[in-house]
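Printed here is upload.cif (mmCIF, C-alpha atoms):
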data_final
loop_
_atom_site.label_atom_id
_atom_site.label_comp_id
_atom_site.auth_asym_id
_atom_site.auth_seq_id
_atom_site.Cartn_x
_atom_site.Cartn_y
_atom_site.Cartn_z
CA MET A 1 0.00 0.00 0.00
CA THR A 2 1.35 3.41 -0.97
CA ILE A 3 0.76 6.16 1.59
CA ALA A 4 0.83 9.90 0.96
CA ILE A 5 0.51 12.69 3.50
CA THR A 6 -0.02 16.41 3.19
CA GLY A 7 1.02 18.98 5.76
CA ALA A 8 4.40 17.39 6.49
CA THR A 9 5.93 20.84 6.97
CA GLY A 10 3.36 21.63 9.68
CA ASN A 11 2.66 20.40 13.20
CA ILE A 12 0.26 17.49 12.73
CA GLY A 13 1.50 16.27 9.35
CA GLY A 14 5.09 16.66 10.49
CA ALA A 15 4.49 14.60 13.62
CA VAL A 16 2.82 11.87 11.57
CA ALA A 17 5.69 11.88 9.08
CA ARG A 18 8.28 11.50 11.82
CA ALA A 19 6.32 8.68 13.49
CA LEU A 20 5.94 6.71 10.25
CA ALA A 21 9.59 7.20 9.35
CA ALA A 22 10.65 6.03 12.80
CA ASP A 23 8.65 2.84 12.22
CA GLY A 24 10.27 2.31 8.83
CA VAL A 25 7.02 2.85 6.93
CA PRO A 26 7.67 4.27 3.44
CA PHE A 27 5.45 7.14 2.31
CA ARG A 28 5.20 10.12 0.01
CA MET A 29 5.02 13.73 1.17
CA VAL A 30 2.94 16.12 -0.92
CA VAL A 31 4.11 19.64 -0.10
CA ARG A 32 3.88 23.15 -1.48
CA ASP A 33 7.57 23.89 -0.94
CA PRO A 34 9.95 20.91 -1.27
CA ALA A 35 12.76 22.92 0.32
CA ARG A 36 10.81 22.83 3.59
CA ALA A 37 10.06 19.11 3.52
CA PRO A 38 11.68 17.18 6.38
CA GLU A 39 14.50 14.87 5.40
CA LEU A 40 13.28 11.44 6.51
CA PRO A 41 14.38 7.95 5.49
CA GLY A 42 12.14 5.96 3.19
CA THR A 43 10.25 8.98 1.87
CA GLU A 44 9.74 10.71 -1.43
CA VAL A 45 8.61 14.27 -2.04
CA ARG A 46 6.10 15.55 -4.60
CA THR A 47 5.13 19.19 -5.10
CA ALA A 48 1.52 20.36 -5.34
CA THR A 49 -0.93 22.79 -3.82
CA PHE A 50 -4.53 21.90 -3.05
CA ALA A 51 -5.67 24.44 -5.65
CA ASP A 52 -3.60 22.95 -8.49
CA ALA A 53 -5.63 20.06 -9.85
CA ALA A 54 -3.08 18.84 -12.39
CA ALA A 55 -0.15 18.91 -9.99
CA SER A 56 -2.22 17.21 -7.30
CA ARG A 57 -3.29 14.39 -9.64
CA ALA A 58 0.32 13.85 -10.66
CA ALA A 59 1.52 13.90 -7.05
CA LEU A 60 -1.09 11.32 -6.02
CA GLU A 61 -0.69 8.86 -8.89
CA GLY A 62 -0.23 5.37 -7.46
CA VAL A 63 -1.31 6.38 -3.94
CA ASP A 64 -3.72 4.08 -2.08
CA LEU A 65 -4.02 5.82 1.29
CA LEU A 66 -3.97 9.60 1.77
CA LEU A 67 -3.73 11.72 4.90
CA MET A 68 -5.28 15.05 3.95
CA VAL A 69 -4.46 17.61 6.61
CA SER A 70 -6.86 20.52 6.16
CA GLY A 71 -5.38 23.56 4.46
CA ALA A 72 -4.46 26.88 6.02
CA GLU A 73 -7.36 29.18 6.81
CA ALA A 74 -8.31 31.14 3.70
CA GLN A 75 -11.45 32.55 2.16
CA ASP A 76 -11.20 30.02 -0.69
CA ARG A 77 -10.12 27.05 1.43
CA LEU A 78 -13.24 25.03 0.62
CA GLU A 79 -12.67 25.50 -3.11
CA GLN A 80 -9.07 24.35 -2.65
CA HIS A 81 -10.22 21.30 -0.68
CA ARG A 82 -12.78 20.31 -3.31
CA THR A 83 -10.18 20.61 -6.06
CA PHE A 84 -7.77 18.38 -4.15
CA VAL A 85 -10.44 15.79 -3.29
CA THR A 86 -11.42 15.52 -6.95
CA ALA A 87 -7.76 15.18 -7.93
CA ALA A 88 -7.29 12.40 -5.37
CA ALA A 89 -10.28 10.49 -6.70
CA ASP A 90 -9.12 10.97 -10.28
CA ALA A 91 -5.64 9.71 -9.34
CA GLY A 92 -7.11 6.48 -7.96
CA VAL A 93 -6.71 7.08 -4.21
CA ARG A 94 -8.79 4.51 -2.36
CA HIS A 95 -8.95 5.86 1.21
CA VAL A 96 -8.74 9.43 2.54
CA VAL A 97 -8.02 10.28 6.17
CA TYR A 98 -9.13 13.89 6.65
CA THR A 99 -8.56 16.20 9.63
CA SER A 100 -11.97 17.77 10.10
CA PHE A 101 -13.65 19.64 12.97
CA MET A 102 -15.67 18.23 15.84
CA GLY A 103 -18.55 20.62 15.25
CA ALA A 104 -18.57 20.17 11.47
CA ALA A 105 -22.05 20.95 10.16
CA GLU A 106 -23.71 22.91 7.41
CA ASP A 107 -24.81 25.49 9.99
CA ALA A 108 -21.92 25.22 12.47
CA THR A 109 -21.58 28.25 14.75
CA PHE A 110 -17.82 28.19 14.23
CA THR A 111 -17.84 29.40 10.66
CA LEU A 112 -14.86 27.36 9.51
CA GLY A 113 -16.64 24.23 10.71
CA ARG A 114 -18.96 24.67 7.72
CA ASP A 115 -16.00 24.31 5.35
CA HIS A 116 -15.02 21.07 7.07
CA TRP A 117 -18.56 19.71 6.73
CA ALA A 118 -18.61 20.58 3.03
CA THR A 119 -15.20 18.93 2.55
CA GLU A 120 -16.50 15.77 4.21
CA GLN A 121 -19.46 15.80 1.83
CA ALA A 122 -17.10 16.17 -1.14
CA ILE A 123 -15.15 13.12 0.00
CA ARG A 124 -18.34 11.11 0.60
CA ALA A 125 -19.48 11.96 -2.93
CA THR A 126 -16.53 10.04 -4.40
CA ASP A 127 -15.85 6.31 -4.47
CA MET A 128 -13.05 6.74 -1.92
CA ALA A 129 -13.35 5.31 1.57
CA HIS A 130 -12.87 7.81 4.38
CA THR A 131 -11.82 8.28 7.97
CA PHE A 132 -12.77 11.66 9.43
CA LEU A 133 -10.79 12.93 12.41
CA ARG A 134 -13.08 15.58 13.83
CA ASP A 135 -10.75 17.56 16.08
CA SER A 136 -11.95 19.86 18.81
CA PHE A 137 -10.15 23.19 19.18
CA TYR A 138 -6.46 22.71 19.87
CA LEU A 139 -5.12 22.97 23.41
CA ASP A 140 -1.88 24.23 21.87
CA PHE A 141 -3.64 27.48 20.89
CA VAL A 142 -4.96 28.31 24.36
CA GLU A 143 -1.83 30.20 25.39
CA ASP A 144 -1.97 32.14 22.12
CA LEU A 145 -5.34 33.53 23.18
CA VAL A 146 -3.68 35.43 26.02
CA GLY A 147 -3.14 39.09 25.17
CA GLU A 148 -0.05 41.09 26.08
CA ASP A 149 -1.92 42.29 29.17
CA GLY A 150 -2.49 38.72 30.37
CA VAL A 151 -6.17 38.66 29.44
CA ILE A 152 -8.13 36.19 27.31
CA ARG A 153 -11.01 38.13 25.76
CA GLY A 154 -13.98 36.75 23.88
CA PRO A 155 -17.73 36.13 23.89
CA ALA A 156 -17.48 32.59 25.28
CA GLY A 157 -19.57 33.23 28.38
CA ASP A 158 -19.29 30.33 30.82
CA GLY A 159 -19.08 27.74 28.06
CA ALA A 160 -16.56 24.92 28.19
CA MET A 161 -14.49 23.20 25.53
CA ALA A 162 -12.95 19.73 25.47
CA ALA A 163 -9.96 20.93 23.47
CA VAL A 164 -7.43 18.36 22.19
CA ALA A 165 -3.66 18.38 21.84
CA ARG A 166 -2.27 18.43 18.32
CA ALA A 167 0.08 15.64 19.41
CA ASP A 168 -2.93 13.43 20.15
CA VAL A 169 -4.47 14.17 16.76
CA ALA A 170 -1.17 13.16 15.15
CA ARG A 171 -1.08 9.95 17.18
CA VAL A 172 -4.60 9.06 16.07
CA ALA A 173 -3.78 9.80 12.43
CA THR A 174 -0.65 7.67 12.64
CA ALA A 175 -2.59 4.77 14.15
CA VAL A 176 -5.16 4.97 11.35
CA LEU A 177 -2.47 4.98 8.67
CA ARG A 178 -0.81 1.94 10.24
CA ASP A 179 -4.05 -0.08 10.15
CA PRO A 180 -6.47 1.62 7.76
CA ALA A 181 -8.77 -1.37 7.33
CA ALA A 182 -9.79 -1.07 10.99
CA HIS A 183 -10.97 2.49 10.47
CA LEU A 184 -12.76 2.38 7.11
CA ASP A 185 -15.65 4.87 6.86
CA ARG A 186 -15.34 5.83 10.51
CA THR A 187 -15.67 9.27 12.11
CA TYR A 188 -13.82 10.04 15.34
CA ASP A 189 -14.48 13.02 17.61
CA LEU A 190 -11.10 13.85 19.10
CA THR A 191 -11.13 15.66 22.44
CA GLY A 192 -8.99 16.17 25.48
CA PRO A 193 -9.71 14.49 28.83
CA ALA A 194 -11.99 17.22 30.20
CA ALA A 195 -14.09 20.21 29.20
CA ILE A 196 -12.74 23.45 30.64
CA THR A 197 -13.99 27.03 30.58
CA LEU A 198 -11.75 29.86 29.45
CA ALA A 199 -11.63 31.05 33.06
CA GLU A 200 -10.28 27.63 34.07
CA ALA A 201 -7.87 27.65 31.13
CA ALA A 202 -6.59 31.07 32.20
CA SER A 203 -6.06 29.79 35.73
CA ILE A 204 -4.06 26.80 34.45
CA VAL A 205 -1.89 28.97 32.21
CA SER A 206 -1.33 31.35 35.11
CA ALA A 207 -0.24 28.54 37.42
CA GLU A 208 2.02 26.86 34.87
CA ARG A 209 3.66 30.04 33.58
CA GLY A 210 3.86 31.90 36.86
CA ARG A 211 2.14 35.04 35.60
CA ALA A 212 -1.28 36.52 36.12
CA VAL A 213 -3.72 35.42 33.39
CA ARG A 214 -7.47 35.90 33.49
CA TYR A 215 -10.51 35.58 31.25
CA GLN A 216 -12.71 38.58 30.45
CA PRO A 217 -16.02 37.90 28.65
CA GLU A 218 -16.93 40.21 25.79
CA THR A 219 -20.16 41.03 24.02
CA MET A 220 -20.29 40.38 20.29
CA GLU A 221 -19.86 44.08 19.59
CA GLU A 222 -16.85 44.28 21.90
CA ALA A 223 -15.32 41.17 20.30
CA TYR A 224 -15.44 42.58 16.78
CA ALA A 225 -14.23 45.99 17.97
CA SER A 226 -11.26 44.59 19.92
CA ARG A 227 -10.07 42.65 16.87
CA ALA A 228 -10.51 45.49 14.39
CA ARG A 229 -6.97 46.73 15.05
CA TRP A 230 -5.66 43.78 13.02
CA ASN A 231 -7.85 44.87 10.10
CA PRO A 232 -9.08 41.35 9.32
CA GLU A 233 -11.19 40.53 6.30
CA PRO A 234 -14.84 39.93 7.28
CA TRP A 235 -14.60 36.13 6.92
CA GLN A 236 -11.55 36.08 9.20
CA ALA A 237 -13.17 38.28 11.83
CA ASP A 238 -16.22 36.02 11.78
CA ALA A 239 -14.01 32.96 12.24
CA TRP A 240 -12.15 34.51 15.18
CA VAL A 241 -15.30 35.62 16.99
CA SER A 242 -17.23 32.42 16.29
CA THR A 243 -14.45 30.45 17.96
CA TYR A 244 -15.76 31.89 21.22
CA THR A 245 -19.47 31.75 20.44
CA ALA A 246 -19.13 28.05 19.61
CA ILE A 247 -17.69 27.57 23.09
CA ALA A 248 -20.47 29.65 24.61
CA GLU A 249 -23.22 27.51 23.10
CA GLY A 250 -21.66 24.29 24.39
CA ALA A 251 -20.96 22.81 20.96
CA LEU A 252 -17.48 21.72 22.06
CA ALA A 253 -18.14 20.65 25.63
CA ARG A 254 -18.60 16.94 24.93
CA VAL A 255 -15.73 14.70 26.04
CA THR A 256 -15.20 11.52 24.05
CA GLY A 257 -12.86 8.59 24.51
CA ASP A 258 -11.91 8.33 20.85
CA VAL A 259 -8.26 9.32 21.30
CA GLU A 260 -7.70 6.55 23.81
CA ARG A 261 -9.83 4.05 21.88
CA VAL A 262 -7.73 4.49 18.76
CA THR A 263 -4.28 4.94 20.30
CA GLY A 264 -4.56 3.07 23.60
CA ARG A 265 -3.27 6.19 25.34
CA ALA A 266 -5.18 8.78 27.37
CA PRO A 267 -5.26 12.25 25.79
CA MET A 268 -3.14 15.11 27.06
CA SER A 269 -4.55 17.84 29.28
CA LEU A 270 -3.82 21.57 29.01
CA ARG A 271 -1.27 21.19 31.79
CA ASP A 272 0.42 18.38 29.86
CA VAL A 273 0.61 20.52 26.71
CA LEU A 274 2.01 23.54 28.56
CA ARG A 275 4.64 21.42 30.29
CA ALA A 276 5.61 19.70 27.05
CA GLY A 277 6.04 23.06 25.36
#

How would this structure read if it were set down as structure tokens?
Amino acid sequence: MTIAITGATGNIGGAVARALAADGVPFRMVVRDPARAPELPGTEVRTATFADAAASRAALEGVDLLLMVSGAEAQDRLEQHRTFVTAAADAGVRHVVYTSFMGAAEDATFTLGRDHWATEQAIRATDMAHTFLRDSFYLDFVEDLVGEDGVIRGPAGDGAMAAVARADVARVATAVLRDPAAHLDRTYDLTGPAAITLAEAASIVSAERGRAVRYQPETMEEAYASRARWNPEPWQADAWVSTYTAIAEGALARVTGDVERVTGRAPMSLRDVLRAG
């Protein structure tokens, strides 16, 4: 079986690539910039972007199993995804493992979750088998939410999120690639071990980093106004703000055991992620 992975220059794809190489599993990396591809034994490198149908088909010729790590946030990301999915099907790929979003739905509050749902539908519309890894928000990003003044701001209310470590997502993806037949046409909701509020997250960051961090709820109007200084495009501002409103509505509060069921290892907590970093 020939395996290909995208995103090898990033966090999740890179971790999967290193794990497979360490196990002596040969695979192909499909990257935008070959100069940034990690040098790993038993690998080959092909160049393509999701938006380039011809290059993607060529890069995926002869591939049976594909790890498709979702593309970088962009206004046209869904169009890019659909182009790449079609190219994979045309190239003869038999099984796609796609990193989706736990709240993926046509009407997801988190606006980018709608793109993930539509990408899943595009994959389902082909003859390819699938495994969807529906990740919750990443624990690794929690510390990035802290402003220079030590405050996490957003309209999340008292909502909680069962955020997951990127390392755990990579471990699940690696396990699926090692034994794809066991995960055919399955969807996994990948979460951390507990649902925490942003106030609790702030307290954990404060304790682990030894500095005062707190959470300050915002109204929707305040949220858009406080982010206007970065001059985001409307779709980006909506994505940023809806991160918090999805938490507020409880869409990400459910804790699942899928990480441990697939990997045999309990998922990391926010404290674990902070200490590992």

### Task
Considering all atoms listed in the file, return as a ChimeraX atom specification whatever protein or nucleic-acid residues lie within 9 Å of stretch 77-91 of chain A, sequence-local ones (same chain, fewer than 4 positions apart) excluded.
/A:49-63,66,68,70-73,96,115-116,118-119,122-123,126-128

### Message
Expand the PyMOL selection byres ((chain A and resi 3-5) around 12) into the explicit residue set it covers here, and present it as a PyMOL selection string.
### Response
chain A and resi 1-2+6-10+12-18+20-21+25-31+37+42-48+56+59-70+88+93-99+170+173-174+176-180

### Query
How far is it from atom CA of A:Glu200 to atom CA of A:Arg114, in Å with one decimal?
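Atom-to-atom, atom CA of A:Glu200 and atom CA of A:Arg114 are spaced 27.9 Å apart.
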
### Query
Mind telling me what the PyMOL selection byres ((chain A and resi 157) around 7) catches here, as an MDAnalysis selection string?
chainID A and resid 155:156 158:159 217 248

### Task
Determine, counting all atoms listed in the file, every residue of protein, DNA or RNA that lies within 7 Å of (-14.2, 38.0, 24.1) in the file coordinates, then give the result as a list in words.
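Checking each residue against the 7 Å limit leaves Arg153, Gly154, Pro155, Ala156, Gln216, Pro217, Glu218, Thr219, Ala223 and Tyr244 of chain A.
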
Write to file, as a PDB file, keeping the file's coordinate frame, the residues of the selection just made, with C-alpha atoms.
ATOM      1  CA  ARG A 153     -11.010  38.130  25.760  1.00  0.00           C
ATOM      2  CA  GLY A 154     -13.980  36.750  23.880  1.00  0.00           C
ATOM      3  CA  PRO A 155     -17.730  36.130  23.890  1.00  0.00           C
ATOM      4  CA  ALA A 156     -17.480  32.590  25.280  1.00  0.00           C
ATOM      5  CA  GLN A 216     -12.710  38.580  30.450  1.00  0.00           C
ATOM      6  CA  PRO A 217     -16.020  37.900  28.650  1.00  0.00           C
ATOM      7  CA  GLU A 218     -16.930  40.210  25.790  1.00  0.00           C
ATOM      8  CA  THR A 219     -20.160  41.030  24.020  1.00  0.00           C
ATOM      9  CA  ALA A 223     -15.320  41.170  20.300  1.00  0.00           C
ATOM     10  CA  TYR A 244     -15.760  31.890  21.220  1.00  0.00           C
TER      11      TYR A 244
END

Would you mind listing, for every residue of stretch 161-248 of chain A within 6 Å of stretch 135-150 of chain A, the two atoms forming the shortest contact and the distance between them in Å to one decimal, using all atoms listed in the file, sorted by chain and ascending residue number, as CSV?
residue,atom,partner,partner_atom,distance
A:Ala163,CA,A:Phe137,CA,4.9
A:Val164,CA,A:Tyr138,CA,5.0
A:Ala165,CA,A:Leu139,CA,5.1
A:Leu190,CA,A:Asp135,CA,4.8
A:Thr191,CA,A:Ser136,CA,5.6
A:Val213,CA,A:Gly150,CA,4.6

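Here atom CA of A:Ser206 stands at a distance of 24.7 Å from atom CA of A:Arg254.
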
Write out, as a tab-separated table, each residue of stretch 37-148 of chain A that has an atom at most 10 Å from stretch 226-238 of chain A, together with the closest pair of atoms and their distance in Å to one decimal, counting all atoms listed in the file, rows going by chain and rising number.
residue	atom	partner	partner_atom	distance
A:Glu73	CA	A:Gln236	CA	8.4
A:Ala74	CA	A:Gln236	CA	8.1
A:Gln75	CA	A:Trp235	CA	6.7
A:Thr109	CA	A:Asp238	CA	9.9
A:Phe110	CA	A:Asp238	CA	8.4
A:Thr111	CA	A:Asp238	CA	6.9
A:Leu112	CA	A:Asp238	CA	9.1

### Task
I would like the residues chosen by the PyMOL selection byres ((chain A and resi 134) around 6) on the shown file; could you give them as JSON, numbers by chain?
{"A": [100, 101, 102, 132, 133, 135, 188, 189, 190]}

### Å distance separating atom CA of A:Met268 from atom CA of A:Ala239, one decimal place
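If I compute the distance from atom CA of A:Met268 to atom CA of A:Ala239, I get 25.6 Å.
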
When you get a chance, write out N, CA and C atoms for stretch 118-150 of chain A, as a PDB file, keeping the file's coordinate frame.
ATOM      1  N   ALA A 118     -18.502  20.641   4.483  1.00  0.00           N
ATOM      2  CA  ALA A 118     -18.610  20.580   3.030  1.00  0.00           C
ATOM      3  C   ALA A 118     -17.487  19.731   2.428  1.00  0.00           C
ATOM      4  N   THR A 119     -16.303  19.772   3.032  1.00  0.00           N
ATOM      5  CA  THR A 119     -15.200  18.930   2.550  1.00  0.00           C
ATOM      6  C   THR A 119     -15.518  17.462   2.790  1.00  0.00           C
ATOM      7  N   GLU A 120     -16.083  17.154   3.954  1.00  0.00           N
ATOM      8  CA  GLU A 120     -16.500  15.770   4.210  1.00  0.00           C
ATOM      9  C   GLU A 120     -17.507  15.309   3.156  1.00  0.00           C
ATOM     10  N   GLN A 121     -18.456  16.180   2.827  1.00  0.00           N
ATOM     11  CA  GLN A 121     -19.460  15.800   1.830  1.00  0.00           C
ATOM     12  C   GLN A 121     -18.817  15.563   0.465  1.00  0.00           C
ATOM     13  N   ALA A 122     -17.808  16.358   0.127  1.00  0.00           N
ATOM     14  CA  ALA A 122     -17.100  16.170  -1.140  1.00  0.00           C
ATOM     15  C   ALA A 122     -16.408  14.817  -1.181  1.00  0.00           C
ATOM     16  N   ILE A 123     -15.816  14.423  -0.063  1.00  0.00           N
ATOM     17  CA  ILE A 123     -15.150  13.120   0.000  1.00  0.00           C
ATOM     18  C   ILE A 123     -16.178  11.994  -0.085  1.00  0.00           C
ATOM     19  N   ARG A 124     -17.288  12.136   0.639  1.00  0.00           N
ATOM     20  CA  ARG A 124     -18.340  11.110   0.600  1.00  0.00           C
ATOM     21  C   ARG A 124     -18.926  10.942  -0.803  1.00  0.00           C
ATOM     22  N   ALA A 125     -18.895  12.006  -1.593  1.00  0.00           N
ATOM     23  CA  ALA A 125     -19.480  11.960  -2.930  1.00  0.00           C
ATOM     24  C   ALA A 125     -18.622  11.190  -3.933  1.00  0.00           C
ATOM     25  N   THR A 126     -17.407  10.822  -3.541  1.00  0.00           N
ATOM     26  CA  THR A 126     -16.530  10.040  -4.400  1.00  0.00           C
ATOM     27  C   THR A 126     -16.653   8.560  -4.069  1.00  0.00           C
ATOM     28  N   ASP A 127     -15.896   7.735  -4.769  1.00  0.00           N
ATOM     29  CA  ASP A 127     -15.850   6.310  -4.470  1.00  0.00           C
ATOM     30  C   ASP A 127     -14.800   5.969  -3.411  1.00  0.00           C
ATOM     31  N   MET A 128     -14.112   6.978  -2.893  1.00  0.00           N
ATOM     32  CA  MET A 128     -13.050   6.740  -1.920  1.00  0.00           C
ATOM     33  C   MET A 128     -13.642   6.441  -0.537  1.00  0.00           C
ATOM     34  N   ALA A 129     -13.019   5.514   0.162  1.00  0.00           N
ATOM     35  CA  ALA A 129     -13.350   5.310   1.570  1.00  0.00           C
ATOM     36  C   ALA A 129     -12.827   6.494   2.359  1.00  0.00           C
ATOM     37  N   HIS A 130     -13.309   6.652   3.592  1.00  0.00           N
ATOM     38  CA  HIS A 130     -12.870   7.810   4.380  1.00  0.00           C
ATOM     39  C   HIS A 130     -12.684   7.428   5.838  1.00  0.00           C
ATOM     40  N   THR A 131     -11.876   8.237   6.505  1.00  0.00           N
ATOM     41  CA  THR A 131     -11.820   8.280   7.970  1.00  0.00           C
ATOM     42  C   THR A 131     -11.751   9.756   8.313  1.00  0.00           C
ATOM     43  N   PHE A 132     -12.733  10.248   9.061  1.00  0.00           N
ATOM     44  CA  PHE A 132     -12.770  11.660   9.430  1.00  0.00           C
ATOM     45  C   PHE A 132     -12.309  11.813  10.872  1.00  0.00           C
ATOM     46  N   LEU A 133     -11.290  12.607  11.072  1.00  0.00           N
ATOM     47  CA  LEU A 133     -10.790  12.930  12.410  1.00  0.00           C
ATOM     48  C   LEU A 133     -11.330  14.299  12.766  1.00  0.00           C
ATOM     49  N   ARG A 134     -12.439  14.314  13.479  1.00  0.00           N
ATOM     50  CA  ARG A 134     -13.080  15.580  13.830  1.00  0.00           C
ATOM     51  C   ARG A 134     -12.457  16.120  15.118  1.00  0.00           C
ATOM     52  N   ASP A 135     -11.494  17.012  14.950  1.00  0.00           N
ATOM     53  CA  ASP A 135     -10.750  17.560  16.080  1.00  0.00           C
ATOM     54  C   ASP A 135     -11.534  18.667  16.765  1.00  0.00           C
ATOM     55  N   SER A 136     -11.478  18.704  18.076  1.00  0.00           N
ATOM     56  CA  SER A 136     -11.950  19.860  18.810  1.00  0.00           C
ATOM     57  C   SER A 136     -10.945  20.994  18.608  1.00  0.00           C
ATOM     58  N   PHE A 137     -11.172  22.138  19.234  1.00  0.00           N
ATOM     59  CA  PHE A 137     -10.150  23.190  19.180  1.00  0.00           C
ATOM     60  C   PHE A 137      -8.862  22.643  19.790  1.00  0.00           C
ATOM     61  N   TYR A 138      -7.745  23.220  19.412  1.00  0.00           N
ATOM     62  CA  TYR A 138      -6.460  22.710  19.870  1.00  0.00           C
ATOM     63  C   TYR A 138      -6.041  23.341  21.205  1.00  0.00           C
ATOM     64  N   LEU A 139      -5.657  22.490  22.135  1.00  0.00           N
ATOM     65  CA  LEU A 139      -5.120  22.970  23.410  1.00  0.00           C
ATOM     66  C   LEU A 139      -3.872  23.817  23.196  1.00  0.00           C
ATOM     67  N   ASP A 140      -3.127  23.517  22.145  1.00  0.00           N
ATOM     68  CA  ASP A 140      -1.880  24.230  21.870  1.00  0.00           C
ATOM     69  C   ASP A 140      -2.119  25.717  21.607  1.00  0.00           C
ATOM     70  N   PHE A 141      -3.340  26.088  21.213  1.00  0.00           N
ATOM     71  CA  PHE A 141      -3.640  27.480  20.890  1.00  0.00           C
ATOM     72  C   PHE A 141      -4.116  28.280  22.096  1.00  0.00           C
ATOM     73  N   VAL A 142      -4.391  27.610  23.208  1.00  0.00           N
ATOM     74  CA  VAL A 142      -4.960  28.310  24.360  1.00  0.00           C
ATOM     75  C   VAL A 142      -4.044  29.438  24.820  1.00  0.00           C
ATOM     76  N   GLU A 143      -2.758  29.164  24.928  1.00  0.00           N
ATOM     77  CA  GLU A 143      -1.830  30.200  25.390  1.00  0.00           C
ATOM     78  C   GLU A 143      -1.752  31.360  24.405  1.00  0.00           C
ATOM     79  N   ASP A 144      -1.995  31.077  23.123  1.00  0.00           N
ATOM     80  CA  ASP A 144      -1.970  32.140  22.120  1.00  0.00           C
ATOM     81  C   ASP A 144      -3.153  33.086  22.249  1.00  0.00           C
ATOM     82  N   LEU A 145      -4.184  32.665  22.974  1.00  0.00           N
ATOM     83  CA  LEU A 145      -5.340  33.530  23.180  1.00  0.00           C
ATOM     84  C   LEU A 145      -5.068  34.622  24.207  1.00  0.00           C
ATOM     85  N   VAL A 146      -3.996  34.472  24.955  1.00  0.00           N
ATOM     86  CA  VAL A 146      -3.680  35.430  26.020  1.00  0.00           C
ATOM     87  C   VAL A 146      -3.059  36.687  25.408  1.00  0.00           C
ATOM     88  N   GLY A 147      -3.665  37.830  25.671  1.00  0.00           N
ATOM     89  CA  GLY A 147      -3.140  39.090  25.170  1.00  0.00           C
ATOM     90  C   GLY A 147      -1.888  39.519  25.925  1.00  0.00           C
ATOM     91  N   GLU A 148      -1.268  40.589  25.435  1.00  0.00           N
ATOM     92  CA  GLU A 148      -0.050  41.090  26.080  1.00  0.00           C
ATOM     93  C   GLU A 148      -0.308  41.534  27.507  1.00  0.00           C
ATOM     94  N   ASP A 149      -1.562  41.861  27.814  1.00  0.00           N
ATOM     95  CA  ASP A 149      -1.920  42.290  29.170  1.00  0.00           C
ATOM     96  C   ASP A 149      -2.322  41.125  30.058  1.00  0.00           C
ATOM     97  N   GLY A 150      -2.161  39.885  29.559  1.00  0.00           N
ATOM     98  CA  GLY A 150      -2.490  38.720  30.370  1.00  0.00           C
ATOM     99  C   GLY A 150      -3.960  38.391  30.409  1.00  0.00           C
TER     100      GLY A 150
END
